[in-house]
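Undergrad: Just one file: protein-v8.pdb, with PDB, C-alpha atoms, pLDDT in the B column.
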ATOM      1  CA  MET A   1     -17.233  -8.648  10.372  1.00 64.00           C
ATOM      2  CA  TYR A   2     -15.454  -7.243   7.323  1.00 71.00           C
ATOM      3  CA  CYS A   3     -17.566  -5.907   4.504  1.00 89.00           C
ATOM      4  CA  GLN A   4     -15.730  -4.981   1.299  1.00 92.00           C
ATOM      5  CA  GLU A   5     -18.630  -2.840   0.071  1.00 95.00           C
ATOM      6  CA  SER A   6     -18.540  -0.783   3.268  1.00 96.00           C
ATOM      7  CA  LEU A   7     -14.805  -0.227   2.887  1.00 97.00           C
ATOM      8  CA  LYS A   8     -15.260   0.833  -0.748  1.00 97.00           C
ATOM      9  CA  GLU A   9     -17.893   3.328   0.398  1.00 97.00           C
ATOM     10  CA  VAL A  10     -15.550   4.822   3.023  1.00 97.00           C
ATOM     11  CA  VAL A  11     -12.653   5.048   0.540  1.00 98.00           C
ATOM     12  CA  ARG A  12     -14.848   6.632  -2.117  1.00 97.00           C
ATOM     13  CA  GLU A  13     -16.256   9.156   0.377  1.00 97.00           C
ATOM     14  CA  LYS A  14     -13.078  10.085   2.262  1.00 97.00           C
ATOM     15  CA  ALA A  15      -9.945   9.193   0.281  1.00 97.00           C
ATOM     16  CA  LEU A  16     -10.493   9.241  -3.484  1.00 97.00           C
ATOM     17  CA  GLU A  17      -9.819  12.528  -5.280  1.00 95.00           C
ATOM     18  CA  PHE A  18      -9.542  13.347  -8.967  1.00 95.00           C
ATOM     19  CA  GLY A  19      -7.211  15.968 -10.454  1.00 94.00           C
ATOM     20  CA  GLU A  20      -3.520  16.164 -11.287  1.00 93.00           C
ATOM     21  CA  PHE A  21      -1.153  14.650  -8.741  1.00 92.00           C
ATOM     22  CA  VAL A  22       2.473  13.559  -8.396  1.00 89.00           C
ATOM     23  CA  LEU A  23       2.775  10.342  -6.385  1.00 82.00           C
ATOM     24  CA  ALA A  24       5.550   9.311  -3.978  1.00 77.00           C
ATOM     25  CA  SER A  25       6.869   7.122  -6.798  1.00 75.00           C
ATOM     26  CA  GLY A  26       7.282  10.254  -8.930  1.00 81.00           C
ATOM     27  CA  LYS A  27       4.557   9.138 -11.337  1.00 80.00           C
ATOM     28  CA  LYS A  28       1.885  11.596 -12.428  1.00 88.00           C
ATOM     29  CA  ALA A  29      -1.692  10.535 -11.809  1.00 89.00           C
ATOM     30  CA  SER A  30      -5.227  11.712 -12.510  1.00 93.00           C
ATOM     31  CA  PHE A  31      -6.468  10.453  -9.147  1.00 94.00           C
ATOM     32  CA  TYR A  32      -5.163  10.312  -5.601  1.00 93.00           C
ATOM     33  CA  LEU A  33      -5.960   7.936  -2.758  1.00 94.00           C
ATOM     34  CA  ASP A  34      -5.305   9.499   0.645  1.00 95.00           C
ATOM     35  CA  CYS A  35      -5.905   6.412   2.749  1.00 96.00           C
ATOM     36  CA  ARG A  36      -4.849   8.194   5.934  1.00 96.00           C
ATOM     37  CA  LYS A  37      -8.339   9.668   5.771  1.00 97.00           C
ATOM     38  CA  VAL A  38      -9.600   6.071   5.967  1.00 98.00           C
ATOM     39  CA  THR A  39      -7.141   4.606   8.488  1.00 98.00           C
ATOM     40  CA  LEU A  40      -7.517   7.598  10.826  1.00 98.00           C
ATOM     41  CA  ASP A  41     -11.318   7.322  10.786  1.00 97.00           C
ATOM     42  CA  SER A  42     -12.912   4.984  13.355  1.00 97.00           C
ATOM     43  CA  ARG A  43     -15.146   3.144  10.869  1.00 97.00           C
ATOM     44  CA  GLY A  44     -12.449   3.008   8.188  1.00 97.00           C
ATOM     45  CA  ALA A  45      -9.809   1.764  10.629  1.00 98.00           C
ATOM     46  CA  ARG A  46     -12.095  -1.002  11.877  1.00 97.00           C
ATOM     47  CA  LEU A  47     -12.991  -2.137   8.344  1.00 98.00           C
ATOM     48  CA  VAL A  48      -9.339  -2.157   7.252  1.00 98.00           C
ATOM     49  CA  ALA A  49      -8.303  -4.135  10.336  1.00 98.00           C
ATOM     50  CA  GLN A  50     -11.111  -6.656   9.913  1.00 97.00           C
ATOM     51  CA  GLY A  51     -10.317  -7.084   6.224  1.00 98.00           C
ATOM     52  CA  ILE A  52      -6.604  -7.581   6.794  1.00 98.00           C
ATOM     53  CA  LEU A  53      -7.190 -10.054   9.625  1.00 98.00           C
ATOM     54  CA  GLU A  54      -9.542 -11.953   7.319  1.00 97.00           C
ATOM     55  CA  LEU A  55      -6.812 -12.084   4.642  1.00 97.00           C
ATOM     56  CA  ILE A  56      -4.274 -13.270   7.217  1.00 97.00           C
ATOM     57  CA  GLY A  57      -6.575 -16.077   8.324  1.00 96.00           C
ATOM     58  CA  ASP A  58      -5.811 -18.461  11.163  1.00 94.00           C
ATOM     59  CA  ASP A  59      -2.045 -18.702  10.585  1.00 94.00           C
ATOM     60  CA  LEU A  60      -1.163 -15.502  12.413  1.00 97.00           C
ATOM     61  CA  PRO A  61       2.351 -14.119  12.031  1.00 98.00           C
ATOM     62  CA  ASP A  62       4.231 -12.975  15.111  1.00 98.00           C
ATOM     63  CA  ALA A  63       3.836  -9.326  14.138  1.00 98.00           C
ATOM     64  CA  VAL A  64       2.546  -6.838  11.563  1.00 98.00           C
ATOM     65  CA  GLY A  65       3.937  -3.444  10.647  1.00 98.00           C
ATOM     66  CA  GLY A  66       5.397  -1.276   7.953  1.00 97.00           C
ATOM     67  CA  MET A  67       6.971   1.995   6.980  1.00 96.00           C
ATOM     68  CA  ALA A  68       6.181   5.000   9.155  1.00 94.00           C
ATOM     69  CA  ILE A  69       3.898   6.925   8.923  1.00 91.00           C
ATOM     70  CA  GLY A  70       1.387   5.373   6.519  1.00 93.00           C
ATOM     71  CA  ALA A  71       1.474   1.917   8.089  1.00 97.00           C
ATOM     72  CA  ASP A  72       1.265   3.125  11.701  1.00 97.00           C
ATOM     73  CA  PRO A  73      -2.532   3.544  11.987  1.00 98.00           C
ATOM     74  CA  ILE A  74      -3.044   0.321  10.004  1.00 98.00           C
ATOM     75  CA  THR A  75      -0.820  -1.577  12.437  1.00 98.00           C
ATOM     76  CA  ALA A  76      -2.573  -0.064  15.463  1.00 98.00           C
ATOM     77  CA  SER A  77      -6.034  -0.895  14.166  1.00 98.00           C
ATOM     78  CA  ILE A  78      -5.027  -4.490  13.340  1.00 98.00           C
ATOM     79  CA  LEU A  79      -3.628  -4.983  16.849  1.00 98.00           C
ATOM     80  CA  THR A  80      -6.763  -3.536  18.437  1.00 98.00           C
ATOM     81  CA  GLU A  81      -9.111  -5.658  16.306  1.00 98.00           C
ATOM     82  CA  ALA A  82      -6.972  -8.775  16.842  1.00 98.00           C
ATOM     83  CA  ASP A  83      -7.341  -8.370  20.607  1.00 98.00           C
ATOM     84  CA  ALA A  84     -11.101  -7.815  20.237  1.00 97.00           C
ATOM     85  CA  GLN A  85     -11.195 -11.148  18.366  1.00 97.00           C
ATOM     86  CA  GLY A  86      -9.171 -12.876  21.107  1.00 97.00           C
ATOM     87  CA  LYS A  87      -6.032 -13.143  18.970  1.00 97.00           C
ATOM     88  CA  SER A  88      -2.515 -12.339  20.146  1.00 96.00           C
ATOM     89  CA  LEU A  89      -0.455 -10.242  17.754  1.00 98.00           C
ATOM     90  CA  ARG A  90       2.399  -7.740  18.029  1.00 98.00           C
ATOM     91  CA  GLY A  91       3.260  -4.733  15.880  1.00 98.00           C
ATOM     92  CA  PHE A  92       6.314  -2.833  14.736  1.00 98.00           C
ATOM     93  CA  ILE A  93       7.210   0.427  13.013  1.00 97.00           C
ATOM     94  CA  VAL A  94       9.921   0.872  10.389  1.00 97.00           C
ATOM     95  CA  ARG A  95      11.544   4.290  10.636  1.00 92.00           C
ATOM     96  CA  LYS A  96      12.493   6.018   7.375  1.00 83.00           C
ATOM     97  CA  GLU A  97      15.899   6.652   8.980  1.00 76.00           C
ATOM     98  CA  ALA A  98      17.548   5.060  12.007  1.00 65.00           C
ATOM     99  CA  LYS A  99      17.362   7.342  15.012  1.00 60.00           C
ATOM    100  CA  GLU A 100      20.636   8.791  16.210  1.00 63.00           C
ATOM    101  CA  HIS A 101      19.942   8.364  19.915  1.00 59.00           C
ATOM    102  CA  GLY A 102      18.964   5.518  22.226  1.00 59.00           C
ATOM    103  CA  LYS A 103      19.547   2.168  20.533  1.00 60.00           C
ATOM    104  CA  GLY A 104      19.571   3.647  17.035  1.00 62.00           C
ATOM    105  CA  ASN A 105      16.954   1.181  15.842  1.00 82.00           C
ATOM    106  CA  GLN A 106      15.323   1.431  12.455  1.00 91.00           C
ATOM    107  CA  VAL A 107      12.699  -1.182  13.373  1.00 95.00           C
ATOM    108  CA  GLU A 108      10.833  -0.373  16.586  1.00 95.00           C
ATOM    109  CA  GLY A 109       8.540  -2.601  18.588  1.00 96.00           C
ATOM    110  CA  PRO A 110       8.398  -5.857  20.544  1.00 97.00           C
ATOM    111  CA  VAL A 111       9.923  -8.011  17.775  1.00 97.00           C
ATOM    112  CA  VAL A 112      12.985 -10.253  17.807  1.00 97.00           C
ATOM    113  CA  ALA A 113      15.128 -11.840  15.133  1.00 97.00           C
ATOM    114  CA  GLY A 114      13.360 -14.881  13.685  1.00 98.00           C
ATOM    115  CA  ASP A 115       9.832 -13.479  14.090  1.00 98.00           C
ATOM    116  CA  ARG A 116       7.479 -14.108  11.157  1.00 98.00           C
ATOM    117  CA  VAL A 117       5.999 -10.790  10.015  1.00 98.00           C
ATOM    118  CA  ILE A 118       3.618  -9.292   7.491  1.00 98.00           C
ATOM    119  CA  ILE A 119       4.290  -5.853   6.004  1.00 98.00           C
ATOM    120  CA  VAL A 120       1.196  -3.633   5.858  1.00 98.00           C
ATOM    121  CA  GLU A 121       0.758  -0.668   3.531  1.00 97.00           C
ATOM    122  CA  ASP A 122      -2.010   1.761   2.623  1.00 97.00           C
ATOM    123  CA  VAL A 123      -1.633   2.223  -1.138  1.00 95.00           C
ATOM    124  CA  VAL A 124       0.733   0.269  -3.380  1.00 95.00           C
ATOM    125  CA  THR A 125       1.889   1.929  -6.593  1.00 91.00           C
ATOM    126  CA  THR A 126       5.373   0.668  -7.510  1.00 91.00           C
ATOM    127  CA  GLY A 127       5.965  -1.045  -4.163  1.00 93.00           C
ATOM    128  CA  GLY A 128       9.038   1.071  -3.409  1.00 92.00           C
ATOM    129  CA  SER A 129       8.074   2.079   0.127  1.00 91.00           C
ATOM    130  CA  SER A 130       7.257  -1.464   1.245  1.00 94.00           C
ATOM    131  CA  LEU A 131      10.363  -2.870  -0.472  1.00 96.00           C
ATOM    132  CA  LYS A 132      12.462  -0.438   1.613  1.00 94.00           C
ATOM    133  CA  ALA A 133      10.575  -1.538   4.726  1.00 95.00           C
ATOM    134  CA  ILE A 134      11.294  -5.180   3.838  1.00 97.00           C
ATOM    135  CA  GLU A 135      15.036  -4.424   3.538  1.00 96.00           C
ATOM    136  CA  HIS A 136      15.126  -2.866   7.013  1.00 96.00           C
ATOM    137  CA  VAL A 137      12.964  -5.576   8.564  1.00 97.00           C
ATOM    138  CA  GLU A 138      15.080  -8.376   7.107  1.00 97.00           C
ATOM    139  CA  ALA A 139      18.263  -6.583   8.237  1.00 95.00           C
ATOM    140  CA  ALA A 140      16.781  -6.781  11.762  1.00 95.00           C
ATOM    141  CA  GLY A 141      16.453 -10.559  11.344  1.00 97.00           C
ATOM    142  CA  LEU A 142      12.686 -10.706  10.825  1.00 98.00           C
ATOM    143  CA  LYS A 143      11.172 -13.077   8.256  1.00 98.00           C
ATOM    144  CA  VAL A 144       8.738 -11.344   5.884  1.00 98.00           C
ATOM    145  CA  GLU A 145       5.925 -13.665   4.816  1.00 97.00           C
ATOM    146  CA  ARG A 146       3.986 -11.305   2.542  1.00 97.00           C
ATOM    147  CA  VAL A 147       2.709  -7.778   2.026  1.00 98.00           C
ATOM    148  CA  ILE A 148      -0.910  -6.753   2.591  1.00 98.00           C
ATOM    149  CA  ALA A 149      -2.189  -3.376   1.415  1.00 98.00           C
ATOM    150  CA  ILE A 150      -5.516  -1.609   1.430  1.00 98.00           C
ATOM    151  CA  ILE A 151      -5.442  -0.658  -2.271  1.00 97.00           C
ATOM    152  CA  ASP A 152      -3.341  -1.648  -5.287  1.00 97.00           C
ATOM    153  CA  ARG A 153      -3.070   1.089  -7.928  1.00 95.00           C
ATOM    154  CA  LEU A 154      -2.129  -1.662 -10.423  1.00 95.00           C
ATOM    155  CA  SER A 155       1.034   0.236 -11.390  1.00 92.00           C
ATOM    156  CA  GLY A 156       3.671  -2.476 -11.054  1.00 94.00           C
ATOM    157  CA  GLY A 157       3.842  -3.009  -7.301  1.00 95.00           C
ATOM    158  CA  ARG A 158       2.534  -6.582  -7.391  1.00 96.00           C
ATOM    159  CA  GLU A 159       5.124  -7.478 -10.029  1.00 97.00           C
ATOM    160  CA  ALA A 160       7.925  -5.756  -8.085  1.00 96.00           C
ATOM    161  CA  PHE A 161       7.093  -7.798  -4.995  1.00 97.00           C
ATOM    162  CA  ALA A 162       6.832 -11.035  -7.008  1.00 97.00           C
ATOM    163  CA  ALA A 163      10.267 -10.366  -8.562  1.00 97.00           C
ATOM    164  CA  LYS A 164      11.690 -10.313  -5.012  1.00 96.00           C
ATOM    165  CA  GLY A 165       9.737 -13.403  -3.941  1.00 97.00           C
ATOM    166  CA  TYR A 166       6.932 -11.734  -1.992  1.00 97.00           C
ATOM    167  CA  GLU A 167       3.192 -12.083  -2.427  1.00 97.00           C
ATOM    168  CA  LEU A 168       0.997  -8.978  -2.386  1.00 98.00           C
ATOM    169  CA  GLN A 169      -2.578  -9.233  -1.161  1.00 98.00           C
ATOM    170  CA  THR A 170      -4.930  -6.270  -1.156  1.00 98.00           C
ATOM    171  CA  LEU A 171      -8.391  -5.485   0.124  1.00 98.00           C
ATOM    172  CA  LEU A 172      -9.188  -3.449  -3.004  1.00 98.00           C
ATOM    173  CA  THR A 173      -7.748  -2.367  -6.342  1.00 97.00           C
ATOM    174  CA  ILE A 174      -8.471   0.752  -8.347  1.00 96.00           C
ATOM    175  CA  GLU A 175     -10.677  -1.382 -10.584  1.00 96.00           C
ATOM    176  CA  ASP A 176     -13.114  -1.610  -7.637  1.00 96.00           C
ATOM    177  CA  PHE A 177     -13.714   2.113  -8.250  1.00 96.00           C
ATOM    178  CA  GLY A 178     -14.042   1.810 -12.015  1.00 94.00           C
ATOM    179  CA  ILE A 179     -10.563   3.254 -12.578  1.00 93.00           C
ATOM    180  CA  ALA A 180      -8.144   1.745 -15.087  1.00 87.00           C
ATOM    181  CA  ALA A 181      -4.397   1.550 -14.421  1.00 81.00           C
ATOM    182  CA  GLU A 182      -2.494   4.582 -15.727  1.00 73.00           C
TER     183      GLU A 182
END
Please render this file's structure as structure tokens.

TA:
Amino acid sequence: MYCQESLKEVVREKALEFGEFVLASGKKASFYLDCRKVTLDSRGARLVAQGILELIGDDLPDAVGGMAIGADPITASILTEADAQGKSLRGFIVRKEAKEHGKGNQVEGPVVAGDRVIIVEDVVTTGGSSLKAIEHVEAAGLKVERVIAIIDRLSGGREAFAAKGYELQTLLTIEDFGIAAE
């Protein structure tokens, strides 16, 4: 099953870079975490899925999902691992913009109003991306229970979620890599 040390090893090897970066939040940073290099790797995807399912525990929501494109491989790996564990779970994708054809949905997948859901995310900085996903998901009538991310940069995201009444759980924080919050 899930091994935090193994996940840290994969993140350190594939996703953690040092230098000068501008994050999606607009903040400047001395390190970058490209978790797509973890979630699009077979071993990394399995470890993330196992870790998130362990955090979820036995009280499964109806569905998991988050903002495209970062949450998509996380959602897919959770669904695959859930089935391997004999658990039934659905997924969804939140589009950055509603599509202009078909049904014009912003939330895609086999979910219906009233479903209990968990938002998944790769890296949380300020929480802005997941807070937008929550807005769209709640507008579709889904009930957000909490947010689960792979890594918390410890840059205000947890507090932003708490201010809106949501709990953030993460598999790792930057402190697991000996990095202090910037």

Undergrad: Hey, which of A:Ile52, A:Leu40, A:Leu142, A:Val111 ends up closest to Thr170 in chain A? Count only C-alpha atoms.

TA: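 Among the listed residues, the smallest separation from Thr170 in chain A belongs to A:Ile52.
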
Undergrad: I'd like to know which of A:Val123, A:Gln50, A:Met67, A:Gly26 is closest to Asp83 in chain A, using all atoms listed in the file.

TA: A:Gln50

Undergrad: Pick out the residues sitting within 8 Å of Val94 in chain A, and hand them over as a PyMOL selection string; count all atoms listed in the file, and ignore anything fewer than 4 positions along from it in its own chain.

TA: chain A and resi 65-68+106-108+133+136-137

Undergrad: Could the residues in this selection be saved with C-alpha atoms as a CSV table (one decimal), in the frame of the given file?

TA:
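This went into result-v3.csv:
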chain,number,residue,atom,x,y,z
A,65,GLY,CA,3.9,-3.4,10.6
A,66,GLY,CA,5.4,-1.3,8.0
A,67,MET,CA,7.0,2.0,7.0
A,68,ALA,CA,6.2,5.0,9.2
A,106,GLN,CA,15.3,1.4,12.5
A,107,VAL,CA,12.7,-1.2,13.4
A,108,GLU,CA,10.8,-0.4,16.6
A,133,ALA,CA,10.6,-1.5,4.7
A,136,HIS,CA,15.1,-2.9,7.0
A,137,VAL,CA,13.0,-5.6,8.6

Undergrad: Ranking A:Val124, A:Leu47, A:Ile151, A:Ile69 by minimum distance to Phe177 in chain A and counting only C-alpha atoms, which one comes first?

TA: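 The shortest atom-to-atom distance to Phe177 in chain A comes from A:Ile151.
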
Undergrad: Using all atoms listed in the file, which of the listed residues (A:Ala24, A:Ala84, A:Leu55, A:Val64) sits closest to Leu172 in chain A?

TA: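 Comparing A:Ala24, A:Ala84, A:Leu55, A:Val64 against Leu172 in chain A, the winner is A:Leu55.
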
Undergrad: Just the number, please: distance in Å from CA of Ile119 in chain A to CA of Arg146 in chain A, one decimal.

TA: 6.5 Å

Undergrad: Got a sec to resolve the PyMOL selection byres ((chain A and resi 157-160) around 8) on this structure and send the residues as a PyMOL selection string?

TA: chain A and resi 124-128+152+154-156+161-164+167-168

Undergrad: Evaluate the PyMOL selection byres ((chain A and resi 7-13) around 12) against this structure - the residues, as a PyMOL selection string, please.

TA: chain A and resi 1-6+14-18+31-52+122-123+150-151+171-179

Undergrad: Would you work out the distance separating CA of Glu182 in chain A from CA of Ser30 in chain A, expressed in Å to one decimal?

TA: 8.3 Å
